[in-house]
Structures are given as structure tokens and as C-alpha cells.
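Asks: Below is the file work.txt, which contains compact mmCIF, C-alpha atoms.
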# COMPACT_ATOMS: atom_id res chain seq x y z
CA VAL A 1 4.04 6.65 20.15
CA GLN A 2 0.45 6.95 19.05
CA LEU A 3 -1.52 4.55 16.90
CA GLN A 4 -4.57 5.94 15.17
CA ALA A 5 -7.00 3.36 13.83
CA SER A 6 -9.83 4.14 11.47
CA GLY A 7 -12.22 2.55 9.03
CA GLY A 8 -14.63 0.63 11.20
CA GLY A 9 -18.35 0.70 10.67
CA LEU A 10 -21.49 -1.25 9.93
CA VAL A 11 -21.61 -3.58 6.95
CA GLN A 12 -23.82 -6.38 5.78
CA ALA A 13 -22.58 -9.94 5.70
CA GLY A 14 -20.58 -10.54 2.56
CA GLY A 15 -19.47 -6.94 2.40
CA SER A 16 -16.06 -5.34 2.77
CA LEU A 17 -14.33 -2.82 4.99
CA ARG A 18 -10.82 -1.44 5.08
CA LEU A 19 -9.18 -0.62 8.37
CA SER A 20 -6.18 1.64 8.60
CA CYS A 21 -3.68 2.31 11.34
CA ALA A 22 -1.11 5.08 11.34
CA ALA A 23 1.76 5.27 13.81
CA SER A 24 3.37 8.50 14.87
CA GLY A 25 6.14 9.40 17.23
CA ARG A 26 8.59 6.70 16.30
CA THR A 27 9.79 4.76 13.30
CA PHE A 28 9.28 1.03 12.94
CA SER A 29 12.20 0.10 10.75
CA ASN A 30 12.56 -3.46 12.04
CA GLY A 31 9.34 -4.09 13.87
CA ALA A 32 5.83 -5.13 13.04
CA MET A 33 2.25 -3.98 13.11
CA GLY A 34 -0.83 -6.05 13.50
CA TRP A 35 -4.50 -6.27 14.28
CA PHE A 36 -6.28 -7.95 17.13
CA ARG A 37 -10.00 -8.03 17.84
CA GLN A 38 -12.28 -8.49 20.80
CA ALA A 39 -15.89 -9.52 20.48
CA PRO A 40 -18.37 -8.92 23.31
CA GLY A 41 -17.81 -11.39 26.11
CA LYS A 42 -14.75 -12.90 24.48
CA ALA A 43 -11.00 -12.59 24.89
CA ARG A 44 -8.91 -10.51 22.56
CA GLU A 45 -7.65 -12.57 19.65
CA PHE A 46 -5.05 -12.21 16.95
CA VAL A 47 -6.24 -11.32 13.45
CA ALA A 48 -3.27 -10.47 11.24
CA ALA A 49 0.20 -8.98 11.34
CA ILE A 50 2.99 -7.89 9.05
CA ARG A 51 6.66 -7.64 9.84
CA TRP A 52 8.56 -4.75 8.37
CA SER A 53 11.72 -6.74 7.64
CA GLY A 54 10.96 -9.04 4.71
CA GLY A 55 7.24 -8.35 4.77
CA ALA A 56 6.27 -11.64 6.41
CA THR A 57 2.58 -11.86 7.23
CA ALA A 58 0.50 -13.98 9.56
CA TYR A 59 -3.24 -14.53 9.73
CA GLU A 60 -5.67 -16.15 12.09
CA ASP A 61 -7.13 -19.22 10.42
CA SER A 62 -10.70 -17.96 10.22
CA VAL A 63 -9.70 -14.85 8.23
CA LYS A 64 -7.29 -16.45 5.79
CA GLY A 65 -8.39 -15.83 2.22
CA ARG A 66 -10.77 -13.05 3.34
CA PHE A 67 -8.52 -10.50 5.03
CA THR A 68 -5.32 -8.98 3.69
CA ILE A 69 -2.86 -6.94 5.70
CA SER A 70 -0.55 -4.57 3.90
CA ARG A 71 1.94 -1.87 4.69
CA GLU A 72 1.84 1.56 3.14
CA ASN A 73 5.18 2.12 1.44
CA GLY A 74 7.40 4.65 3.15
CA LYS A 75 5.04 5.12 6.07
CA ASP A 76 4.49 3.47 9.40
CA SER A 77 0.95 2.56 8.45
CA VAL A 78 -0.90 -0.64 7.83
CA HIS A 79 -4.20 -1.49 6.25
CA LEU A 80 -6.47 -4.45 6.80
CA GLN A 81 -8.68 -5.16 3.83
CA MET A 82 -11.58 -7.26 5.04
CA SER A 83 -13.79 -8.99 2.48
CA PHE A 84 -16.59 -11.53 2.65
CA LEU A 85 -17.31 -10.36 6.16
CA LYS A 86 -19.32 -12.57 8.46
CA PRO A 87 -21.38 -11.72 11.55
CA GLU A 88 -18.76 -13.50 13.65
CA ASP A 89 -16.22 -10.90 12.53
CA THR A 90 -18.10 -8.35 14.62
CA ALA A 91 -15.69 -6.96 17.21
CA VAL A 92 -13.62 -4.02 18.26
CA TYR A 93 -10.45 -4.15 16.19
CA TYR A 94 -7.22 -2.95 17.78
CA CYS A 95 -4.07 -1.93 15.99
CA ALA A 96 -0.80 -2.93 17.66
CA ALA A 97 2.84 -2.20 16.94
CA LYS A 98 6.29 -3.25 17.97
CA SER A 99 8.98 -0.80 17.05
CA ARG A 100 11.76 -3.32 16.47
CA GLY A 101 12.92 -6.85 16.97
CA MET A 102 9.75 -8.77 16.12
CA ILE A 103 10.41 -12.43 15.40
CA ILE A 104 8.01 -14.27 13.17
CA SER A 105 6.99 -16.79 15.80
CA ALA A 106 5.87 -13.98 18.12
CA MET A 107 3.72 -12.08 15.65
CA ARG A 108 0.50 -13.73 16.90
CA ASN A 109 1.21 -12.97 20.55
CA ALA A 110 -0.39 -9.82 21.95
CA ALA A 111 2.27 -9.63 24.65
CA ALA A 112 4.93 -9.12 21.96
CA TYR A 113 3.55 -5.72 20.99
CA ASP A 114 4.61 -2.50 22.69
CA TYR A 115 1.95 -0.08 21.52
CA TRP A 116 -1.81 -0.25 21.07
CA GLY A 117 -4.39 1.91 19.37
CA GLN A 118 -7.78 2.85 20.72
CA GLY A 119 -9.82 0.34 18.74
CA THR A 120 -12.37 0.69 15.99
CA LEU A 121 -15.73 -1.08 15.96
CA VAL A 122 -16.68 -3.38 13.11
CA THR A 123 -20.26 -4.59 13.04
CA VAL A 124 -21.39 -7.15 10.48
CA SER A 125 -25.12 -7.63 10.19
CA SER A 126 -26.65 -10.87 8.97
Is it possible to express this structure as C-alpha cells?

Replies:
Amino acid sequence: VQLQASGGGLVQAGGSLRLSCAASGRTFSNGAMGWFRQAPGKAREFVAAIRWSGGATAYEDSVKGRFTISRENGKDSVHLQMSFLKPEDTAVYYCAAKSRGMIISAMRNAAAYDYWGQGTLVTVSS
């Protein structure tokens, strides 16, 4: 399985970016995909996730109301629309996926995911 993330870049505070992640090599009929991020000198943290079955979503508190995760219909792809970006959103963003069996309570846990993408850098200038 390969996860290909794209869409990172440099943006001014208050701006928007859209990250995308496409999975290949396996279907995710009952799994989930999500985004984590790691800022310099900090641990990797959960950002958002979406479960294929039922479409349940989860967000880290600091991004609620600013970020939206969505699934591309018919494809094993997710998008993360990021708006009202802040300098503290600066990080490498990683796409993650679990092919099946994701329970809602585990969506925020990095250890629950089986596959990881290479990361895409988001830099928000003040």
C-alpha cells in the first residue's frame, strides 16, 4: 500500500491550503484515513480522521471549525481543507490509513493506523 500526500506549501496566516492523500494498492472499504502532524521539536499529533463506514469524523480541538476532512467518493482518497491557518499550524503533515476495522474511539491514535505517507510540509507565516 502506498499513500501519496500532496498540497503542502507556504501560506500567510489567515490563508488556506488543501491537502490530499491518495491510497493505492489496497481498498479501504471499512477502514479510515487521517492526518497527523509534527512540528519541529514536537511529538507527532493527531489532526483529523474520517472513517469509511458511516463517515464519522474526528478533529483535534485546535483545528475544529478551521479544518475539514472529506473523502473523495468512490476513491480511497481524502482531503484536508485547512482555513484560517495560524503559524502554530506549521508542521509536516502525514497521511495515515487503516484498511479495515477502525473503531471510532481509536481514530485519534497513531498506533491504530497501518500505513503512512511520506509527509508534506505546511508553513504558515505570520

Asks: Could you tell me how far CA of Thr68 in chain A lies from CA of Val1 in chain A, in Å and to one decimal?

Replies: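 It comes out at 24.6 Å.
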
Asks: I'd like the interatomic distance between CA of Ala96 in chain A and CA of Tyr113 in chain A, to a tenth of an Å.

Replies: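 These two atoms are separated by 6.1 Å.
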
Asks: Give the answer as one residue: which of A:Leu85, A:Ala43, A:Ala110, A:Ala58 has the shortest atom-to-atom distance to Ser126 in chain A, using all atoms listed in the file?

Replies: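 Checking each of A:Leu85, A:Ala43, A:Ala110, A:Ala58 against Ser126 in chain A, counting all atoms listed in the file, the winner is A:Leu85.
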
Asks: Pick out the residues sitting within 12 Å of range 35-37 of chain A, and hand them over as a PyMOL selection string; count all atoms listed in the file, and ignore anything fewer than 4 positions along from it in its own chain.

Replies: chain A and resi 3+5+8+19-21+41-50+57-60+63+67-70+77-82+88-98+107-111+113+115-123

Asks: My list of candidates is A:Ala56, A:Val124, A:Val11, A:Ala32. Which is closest to Asp76 in chain A when distances are computed with only C-alpha atoms?

Replies: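 Among the listed residues, A:Ala32 lies closest to Asp76 in chain A.
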
Asks: Please measure the separation of CA of Gln4 in chain A and CA of Trp52 in chain A, giving the value in Å to one decimal.

Replies: 18.2 Å

Asks: With only C-alpha atoms as the basis for distance, which of A:Ile104, A:Lys86, A:Ala112, A:Asn30 is at the shortest distance from Arg66 in chain A?

Replies: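 Closest residue, counting only C-alpha atoms: A:Lys86.
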
Asks: For Ser16 in chain A, which residue among A:Ser125, A:Ala106, A:Asn73, A:Ser83 is the nearest when counting only C-alpha atoms?

Replies: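 Using only C-alpha atoms, the shortest distance to Ser16 in chain A belongs to A:Ser83.
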
Asks: Using all atoms listed in the file, which residues sit within 7 Å of Gly31 in chain A once same-chain residues fewer than 5 positions away are excluded, as a list in words?

Replies: Arg51, Trp52, Lys98, Ser99, Arg100, Gly101 and Met102 of chain A

Asks: What are the centre and edge lengths in Å, to one decimal, of the axis-aligned box around all listed atoms of range 98-117 of chain A with 8 Å added on each side, as lines of an AutoDock Vina configuration file?

Replies:
center_x = 4.3
center_y = -7.4
center_z = 18.9
size_x = 33.3
size_y = 34.7
size_z = 27.5
